[in-house]
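Visitor: Here's a structure for you.
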Amino acid sequence: MKTLYIDKDIKYIGSQLAPHWIYKNFKIQGDAIVAFCGECEVKLTEMVDIEDVINNEPIYSKYMLSFISEQFGINLTEGVLRQRLLVTCIKEALERRGIQVLRNGDDLFINGKKLSVSIATKSVTSVLIHTGLNILSEGAPIPVSALKTDLGIENIKEFAIEVMEKYSEELQDIILAMTKVRGV
């Protein structure tokens, strides 16, 4: 799993959750995860979460840390499991900083306030994952927790790299675990 922190603001609008977006924009071919910061505004027309569309719940954050991953050769069930692994890696990175986090499925909460958004979907060629963490809490349409505003995490880049590296290591370790056992 290749990783990249993109050191420029990118507004996440949902259209980035597309096959080969990472390859086309950053020349990283194959399984990859990238992270970047920027405003997040996903209108209902760009939503892949049908439940959010039915409930008329577009996504907005004034400033968000976004992770996008594209992974090949897996089905949607495995993709959702890998999405949950990514969310767990984020949870553990926060807990290493002494922050109490509640995970409910693919959502993270701090003191009852939502910190994250996350979705996994299947494209024609791959599984795509987006997970976003609020950096700032002001301007959100619902009560939210935020990395900087509420949790005091100042170095977002360092945090993002730590999460991506841990996620990549976990996936590599899963592959190694599969290859070290004999069949019965």
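How things are named: the first chain in the structure tokens is A, the next is B, and so on; residues count from 1 in each chain; ligands count from 1 in the order shown.
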I want to know what sits within 12 Å of Ser168 of chain A, based on only C-alpha atoms, with residues of the same chain fewer than 6 positions away left out; could you give that as a PyMOL selection string?
Guide: chain A and resi 1-4+31-34+69+71+82+85-86+89+161-162+174-175
Visitor: Put those residues in a file: C-alpha atoms, as a compact mmCIF listing (two decimals), in the first residue's frame.
Guide:
```txt
# COMPACT_ATOMS: atom_id res chain seq x y z
CA MET A 1 0.00 0.00 0.00
CA LYS A 2 1.58 3.24 -1.15
CA THR A 3 1.01 6.39 0.92
CA LEU A 4 1.20 10.11 0.17
CA ASP A 31 -3.17 0.12 -4.01
CA ALA A 32 -2.71 3.50 -2.37
CA ILE A 33 -3.92 5.88 0.30
CA VAL A 34 -3.50 9.65 0.17
CA SER A 69 -7.79 4.98 -0.71
CA GLN A 71 -7.54 -0.84 -3.59
CA ARG A 82 -10.62 -2.39 5.24
CA LEU A 85 -9.58 -1.03 9.75
CA LEU A 86 -8.67 2.50 8.60
CA CYS A 89 -6.16 3.01 12.93
CA ILE A 161 1.17 10.27 7.95
CA GLU A 162 1.08 8.24 11.18
CA ILE A 174 -2.48 -9.32 7.08
CA ILE A 175 -0.84 -10.54 3.86
```
Visitor: What's the 7 Å shell around segment 124-134 of chain A, counting only C-alpha atoms, without same-chain residues fewer than 6 positions away, as a list of chain:residue names?
Guide: A:Leu17, A:Pro19, A:Ser61, A:Tyr63, A:Met64, A:Leu65, A:Ser66, A:Phe67, A:Ile68, A:Ser69, A:Glu70, A:Gln71, A:Phe72, A:Gly73, A:Ile74, A:Leu76, A:Gly79, A:Gln83, A:Leu115, A:Ser116, A:Val117, A:Ser118, A:Ser145, A:Ala146, A:Leu147
Visitor: When DSSP works through the backbone of this structure, what residues of segment 78-178 of chain A end up as alpha helix (DSSP H), shown as number ranges by chain?
Guide: A: 78-95, 156-178
Visitor: Take the residues from that selection and write them out as a short mmCIF file (atom, residue, chain, number, x, y, z; two decimals), in the first residue's frame, keeping N, CA and C atoms.
Guide:
```
data_model
loop_
_atom_site.label_atom_id
_atom_site.label_comp_id
_atom_site.auth_asym_id
_atom_site.auth_seq_id
_atom_site.Cartn_x
_atom_site.Cartn_y
_atom_site.Cartn_z
N GLU A 78 -14.82 -6.99 1.58
CA GLU A 78 -13.46 -6.77 2.08
C GLU A 78 -13.13 -5.29 2.12
N GLY A 79 -13.65 -4.53 1.17
CA GLY A 79 -13.44 -3.09 1.17
C GLY A 79 -14.02 -2.42 2.41
N VAL A 80 -15.23 -2.83 2.79
CA VAL A 80 -15.84 -2.26 4.00
C VAL A 80 -15.03 -2.67 5.24
N LEU A 81 -14.55 -3.91 5.26
CA LEU A 81 -13.70 -4.34 6.38
C LEU A 81 -12.41 -3.50 6.43
N ARG A 82 -11.83 -3.22 5.29
CA ARG A 82 -10.62 -2.39 5.24
C ARG A 82 -10.93 -0.94 5.64
N GLN A 83 -12.12 -0.47 5.28
CA GLN A 83 -12.56 0.86 5.73
C GLN A 83 -12.62 0.90 7.26
N ARG A 84 -13.19 -0.13 7.85
CA ARG A 84 -13.29 -0.20 9.31
C ARG A 84 -11.89 -0.28 9.94
N LEU A 85 -10.96 -0.97 9.27
CA LEU A 85 -9.58 -1.03 9.75
C LEU A 85 -8.95 0.36 9.73
N LEU A 86 -9.18 1.13 8.67
CA LEU A 86 -8.67 2.50 8.60
C LEU A 86 -9.24 3.34 9.74
N VAL A 87 -10.52 3.24 9.97
CA VAL A 87 -11.16 4.00 11.06
C VAL A 87 -10.58 3.57 12.40
N THR A 88 -10.30 2.29 12.57
CA THR A 88 -9.69 1.80 13.81
C THR A 88 -8.26 2.33 13.96
N CYS A 89 -7.51 2.42 12.87
CA CYS A 89 -6.16 3.01 12.93
C CYS A 89 -6.22 4.46 13.38
N ILE A 90 -7.23 5.19 12.91
CA ILE A 90 -7.42 6.59 13.33
C ILE A 90 -7.75 6.64 14.82
N LYS A 91 -8.67 5.78 15.23
CA LYS A 91 -9.07 5.72 16.65
C LYS A 91 -7.86 5.46 17.54
N GLU A 92 -7.03 4.50 17.14
CA GLU A 92 -5.86 4.16 17.95
C GLU A 92 -4.84 5.30 17.97
N ALA A 93 -4.69 6.02 16.86
CA ALA A 93 -3.77 7.16 16.83
C ALA A 93 -4.24 8.25 17.79
N LEU A 94 -5.53 8.44 17.88
CA LEU A 94 -6.08 9.42 18.83
C LEU A 94 -5.90 8.94 20.26
N GLU A 95 -6.14 7.66 20.50
CA GLU A 95 -6.00 7.11 21.84
C GLU A 95 -4.55 7.16 22.32
N ILE A 156 -1.40 18.39 11.78
CA ILE A 156 -2.31 17.51 11.06
C ILE A 156 -1.54 16.60 10.11
N LYS A 157 -0.51 17.14 9.45
CA LYS A 157 0.28 16.35 8.51
C LYS A 157 0.92 15.15 9.22
N GLU A 158 1.53 15.40 10.36
CA GLU A 158 2.17 14.32 11.13
C GLU A 158 1.15 13.26 11.52
N PHE A 159 -0.03 13.70 11.97
CA PHE A 159 -1.10 12.78 12.35
C PHE A 159 -1.53 11.94 11.14
N ALA A 160 -1.73 12.58 10.00
CA ALA A 160 -2.17 11.88 8.79
C ALA A 160 -1.15 10.84 8.35
N ILE A 161 0.11 11.21 8.36
CA ILE A 161 1.17 10.27 7.95
C ILE A 161 1.22 9.08 8.89
N GLU A 162 1.10 9.34 10.19
CA GLU A 162 1.08 8.24 11.18
C GLU A 162 -0.05 7.27 10.89
N VAL A 163 -1.24 7.79 10.60
CA VAL A 163 -2.40 6.94 10.32
C VAL A 163 -2.17 6.13 9.05
N MET A 164 -1.72 6.78 7.98
CA MET A 164 -1.51 6.08 6.71
C MET A 164 -0.45 5.00 6.83
N GLU A 165 0.64 5.30 7.53
CA GLU A 165 1.70 4.30 7.70
C GLU A 165 1.20 3.10 8.50
N LYS A 166 0.44 3.36 9.56
CA LYS A 166 -0.10 2.26 10.37
C LYS A 166 -1.07 1.42 9.56
N TYR A 167 -1.91 2.07 8.77
CA TYR A 167 -2.87 1.36 7.93
C TYR A 167 -2.14 0.47 6.92
N SER A 168 -1.14 1.03 6.28
CA SER A 168 -0.35 0.27 5.31
C SER A 168 0.33 -0.92 5.98
N GLU A 169 0.91 -0.70 7.16
CA GLU A 169 1.55 -1.79 7.90
C GLU A 169 0.55 -2.89 8.27
N GLU A 170 -0.65 -2.50 8.69
CA GLU A 170 -1.68 -3.49 9.05
C GLU A 170 -2.04 -4.35 7.85
N LEU A 171 -2.23 -3.72 6.68
CA LEU A 171 -2.58 -4.49 5.49
C LEU A 171 -1.45 -5.42 5.08
N GLN A 172 -0.22 -4.93 5.17
CA GLN A 172 0.93 -5.79 4.85
C GLN A 172 1.04 -6.95 5.83
N ASP A 173 0.77 -6.68 7.10
CA ASP A 173 0.83 -7.72 8.12
C ASP A 173 -0.25 -8.78 7.89
N ILE A 174 -1.42 -8.37 7.40
CA ILE A 174 -2.48 -9.32 7.08
C ILE A 174 -2.01 -10.27 5.98
N ILE A 175 -1.36 -9.71 4.96
CA ILE A 175 -0.84 -10.54 3.86
C ILE A 175 0.19 -11.51 4.38
N LEU A 176 1.10 -11.04 5.23
CA LEU A 176 2.12 -11.92 5.81
C LEU A 176 1.48 -13.01 6.67
N ALA A 177 0.46 -12.65 7.43
CA ALA A 177 -0.22 -13.64 8.28
C ALA A 177 -0.86 -14.74 7.42
N MET A 178 -1.38 -14.36 6.25
CA MET A 178 -2.00 -15.36 5.36
C MET A 178 -0.97 -16.29 4.76
#
```
Visitor: Residues within 12 Å of Val53 of chain A, please, as a list in words. Count only C-alpha atoms; anything in the same chain fewer than 5 positions from it doesn't count.
Guide: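 Close residues of Val53 of chain A: Val42, Lys43, Leu44, Thr45, Glu46, Met47, Val48, Pro58 and Ile59 of chain A.
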Visitor: Mind giving me the straight-line distance from atom CA of Ile153 of chain A to atom CA of Gly98 of chain A in Å, one decimal?
Guide: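 One can read the atom CA of Ile153 of chain A to atom CA of Gly98 of chain A distance as 11.4 Å.
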Visitor: As a PyMOL selection string, please: every residue in chain A that DSSP puts in strand (DSSP E).
Guide: chain A and resi 2-5+32-42+59-72+102-104+107-110+113-114+116-122+126-134
Visitor: Those selected residues, please, written with N, CA and C atoms and delivered as a compact mmCIF listing (two decimals), in the first residue's frame.
Guide:
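Listing of selection-v2.txt after writing:
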```txt
# COMPACT_ATOMS: atom_id res chain seq x y z
N LYS A 2 0.81 2.01 -1.06
CA LYS A 2 1.58 3.24 -1.15
C LYS A 2 0.84 4.36 -0.42
N THR A 3 1.60 5.28 0.17
CA THR A 3 1.01 6.39 0.92
C THR A 3 1.57 7.71 0.42
N LEU A 4 0.75 8.76 0.53
CA LEU A 4 1.20 10.11 0.17
C LEU A 4 0.39 11.13 0.92
N TYR A 5 1.10 12.06 1.56
CA TYR A 5 0.43 13.24 2.11
C TYR A 5 0.57 14.35 1.08
N ALA A 32 -3.29 2.29 -2.94
CA ALA A 32 -2.71 3.50 -2.37
C ALA A 32 -3.70 4.17 -1.43
N ILE A 33 -3.13 4.99 -0.54
CA ILE A 33 -3.92 5.88 0.30
C ILE A 33 -3.23 7.23 0.30
N VAL A 34 -4.02 8.28 0.12
CA VAL A 34 -3.50 9.65 0.17
C VAL A 34 -4.29 10.43 1.20
N ALA A 35 -3.68 11.50 1.69
CA ALA A 35 -4.36 12.38 2.64
C ALA A 35 -4.11 13.82 2.24
N PHE A 36 -5.09 14.66 2.51
CA PHE A 36 -4.98 16.09 2.23
C PHE A 36 -5.98 16.84 3.10
N CYS A 37 -5.78 18.12 3.22
CA CYS A 37 -6.68 18.98 3.99
C CYS A 37 -7.42 19.92 3.05
N GLY A 38 -8.55 20.40 3.50
CA GLY A 38 -9.31 21.38 2.73
C GLY A 38 -10.76 21.37 3.15
N GLU A 39 -11.49 22.29 2.56
CA GLU A 39 -12.93 22.35 2.78
C GLU A 39 -13.55 21.05 2.25
N CYS A 40 -14.67 20.66 2.83
CA CYS A 40 -15.40 19.47 2.37
C CYS A 40 -16.84 19.89 2.15
N GLU A 41 -17.31 19.70 0.92
CA GLU A 41 -18.71 20.00 0.61
C GLU A 41 -19.19 18.97 -0.41
N VAL A 42 -19.92 17.98 0.08
CA VAL A 42 -20.44 16.93 -0.79
C VAL A 42 -21.95 17.13 -0.91
N ILE A 59 -22.90 16.68 3.14
CA ILE A 59 -21.78 16.77 4.08
C ILE A 59 -21.08 18.10 3.88
N TYR A 60 -20.77 18.77 5.01
CA TYR A 60 -20.00 20.01 4.93
C TYR A 60 -19.06 20.11 6.13
N SER A 61 -17.85 20.55 5.85
CA SER A 61 -16.88 20.90 6.89
C SER A 61 -16.03 22.04 6.35
N LYS A 62 -15.86 23.05 7.17
CA LYS A 62 -15.05 24.20 6.76
C LYS A 62 -13.61 23.79 6.47
N TYR A 63 -13.09 22.83 7.25
CA TYR A 63 -11.72 22.36 7.04
C TYR A 63 -11.62 20.94 7.57
N MET A 64 -11.26 20.01 6.67
CA MET A 64 -11.28 18.58 6.98
C MET A 64 -9.99 17.93 6.51
N LEU A 65 -9.56 16.91 7.25
CA LEU A 65 -8.50 16.01 6.81
C LEU A 65 -9.18 14.86 6.11
N SER A 66 -8.87 14.68 4.83
CA SER A 66 -9.47 13.60 4.04
C SER A 66 -8.44 12.54 3.72
N PHE A 67 -8.85 11.29 3.84
CA PHE A 67 -8.08 10.14 3.38
C PHE A 67 -8.86 9.52 2.23
N ILE A 68 -8.19 9.29 1.11
CA ILE A 68 -8.80 8.56 0.01
C ILE A 68 -7.90 7.36 -0.29
N SER A 69 -8.53 6.20 -0.39
CA SER A 69 -7.79 4.98 -0.71
C SER A 69 -8.45 4.29 -1.88
N GLU A 70 -7.62 3.76 -2.76
CA GLU A 70 -8.10 2.90 -3.83
C GLU A 70 -7.36 1.58 -3.72
N GLN A 71 -8.14 0.48 -3.75
CA GLN A 71 -7.54 -0.84 -3.59
C GLN A 71 -8.16 -1.79 -4.61
N PHE A 72 -7.29 -2.56 -5.24
CA PHE A 72 -7.67 -3.42 -6.35
C PHE A 72 -7.74 -4.89 -5.93
N LEU A 102 -15.02 6.92 20.78
CA LEU A 102 -16.01 5.86 20.62
C LEU A 102 -16.14 5.59 19.12
N ARG A 103 -16.00 4.33 18.74
CA ARG A 103 -16.23 3.94 17.35
C ARG A 103 -17.55 3.22 17.27
N ASN A 104 -18.40 3.66 16.35
CA ASN A 104 -19.65 2.98 16.07
C ASN A 104 -19.67 2.69 14.58
N ASP A 107 -18.01 5.24 12.09
CA ASP A 107 -18.05 6.59 12.63
C ASP A 107 -17.27 6.69 13.94
N LEU A 108 -16.59 7.82 14.12
CA LEU A 108 -15.88 8.11 15.37
C LEU A 108 -16.55 9.28 16.08
N PHE A 109 -16.64 9.15 17.41
CA PHE A 109 -17.27 10.18 18.22
C PHE A 109 -16.37 10.55 19.39
N ILE A 110 -16.33 11.82 19.71
CA ILE A 110 -15.63 12.34 20.89
C ILE A 110 -16.68 13.08 21.72
N LYS A 113 -19.97 13.77 20.12
CA LYS A 113 -20.01 14.57 18.89
C LYS A 113 -19.24 13.85 17.79
N LYS A 114 -19.80 13.89 16.59
CA LYS A 114 -19.22 13.17 15.46
C LYS A 114 -17.93 13.83 14.99
N SER A 116 -16.01 12.12 12.40
CA SER A 116 -15.64 11.59 11.09
C SER A 116 -16.84 11.38 10.18
N VAL A 117 -16.51 11.29 8.89
CA VAL A 117 -17.41 10.75 7.87
C VAL A 117 -16.61 9.68 7.16
N SER A 118 -17.29 8.65 6.67
CA SER A 118 -16.56 7.60 5.97
C SER A 118 -17.50 6.81 5.08
N ILE A 119 -16.98 6.39 3.94
CA ILE A 119 -17.74 5.57 3.01
C ILE A 119 -16.78 4.67 2.25
N ALA A 120 -17.25 3.50 1.91
CA ALA A 120 -16.52 2.59 1.02
C ALA A 120 -17.49 2.22 -0.09
N THR A 121 -16.99 2.18 -1.32
CA THR A 121 -17.83 1.82 -2.45
C THR A 121 -17.01 1.04 -3.46
N LYS A 122 -17.70 0.41 -4.38
CA LYS A 122 -17.04 -0.41 -5.40
C LYS A 122 -17.15 0.32 -6.73
N SER A 126 -12.11 -1.25 -8.81
CA SER A 126 -11.48 -1.21 -7.48
C SER A 126 -12.51 -0.93 -6.40
N VAL A 127 -12.03 -0.93 -5.16
CA VAL A 127 -12.79 -0.43 -4.03
C VAL A 127 -12.21 0.92 -3.66
N LEU A 128 -13.09 1.87 -3.40
CA LEU A 128 -12.70 3.24 -3.04
C LEU A 128 -13.18 3.55 -1.63
N ILE A 129 -12.33 4.20 -0.86
CA ILE A 129 -12.67 4.57 0.52
C ILE A 129 -12.38 6.05 0.70
N HIS A 130 -13.32 6.76 1.31
CA HIS A 130 -13.05 8.13 1.78
C HIS A 130 -13.38 8.18 3.26
N THR A 131 -12.45 8.70 4.03
CA THR A 131 -12.69 8.97 5.45
C THR A 131 -12.22 10.39 5.71
N GLY A 132 -13.08 11.19 6.31
CA GLY A 132 -12.75 12.57 6.61
C GLY A 132 -12.89 12.85 8.09
N LEU A 133 -11.95 13.67 8.60
CA LEU A 133 -11.97 14.07 10.01
C LEU A 133 -12.03 15.59 10.07
N ASN A 134 -12.99 16.12 10.82
CA ASN A 134 -13.07 17.57 10.98
C ASN A 134 -11.78 18.08 11.62
```
Visitor: Go ahead and compute the interatomic distance for atom CA of Asp52 of chain A and atom CA of Asp106 of chain A, in Å to one decimal.
Guide: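 Interatomic distance, atom CA of Asp52 of chain A to atom CA of Asp106 of chain A: 14.2 Å.
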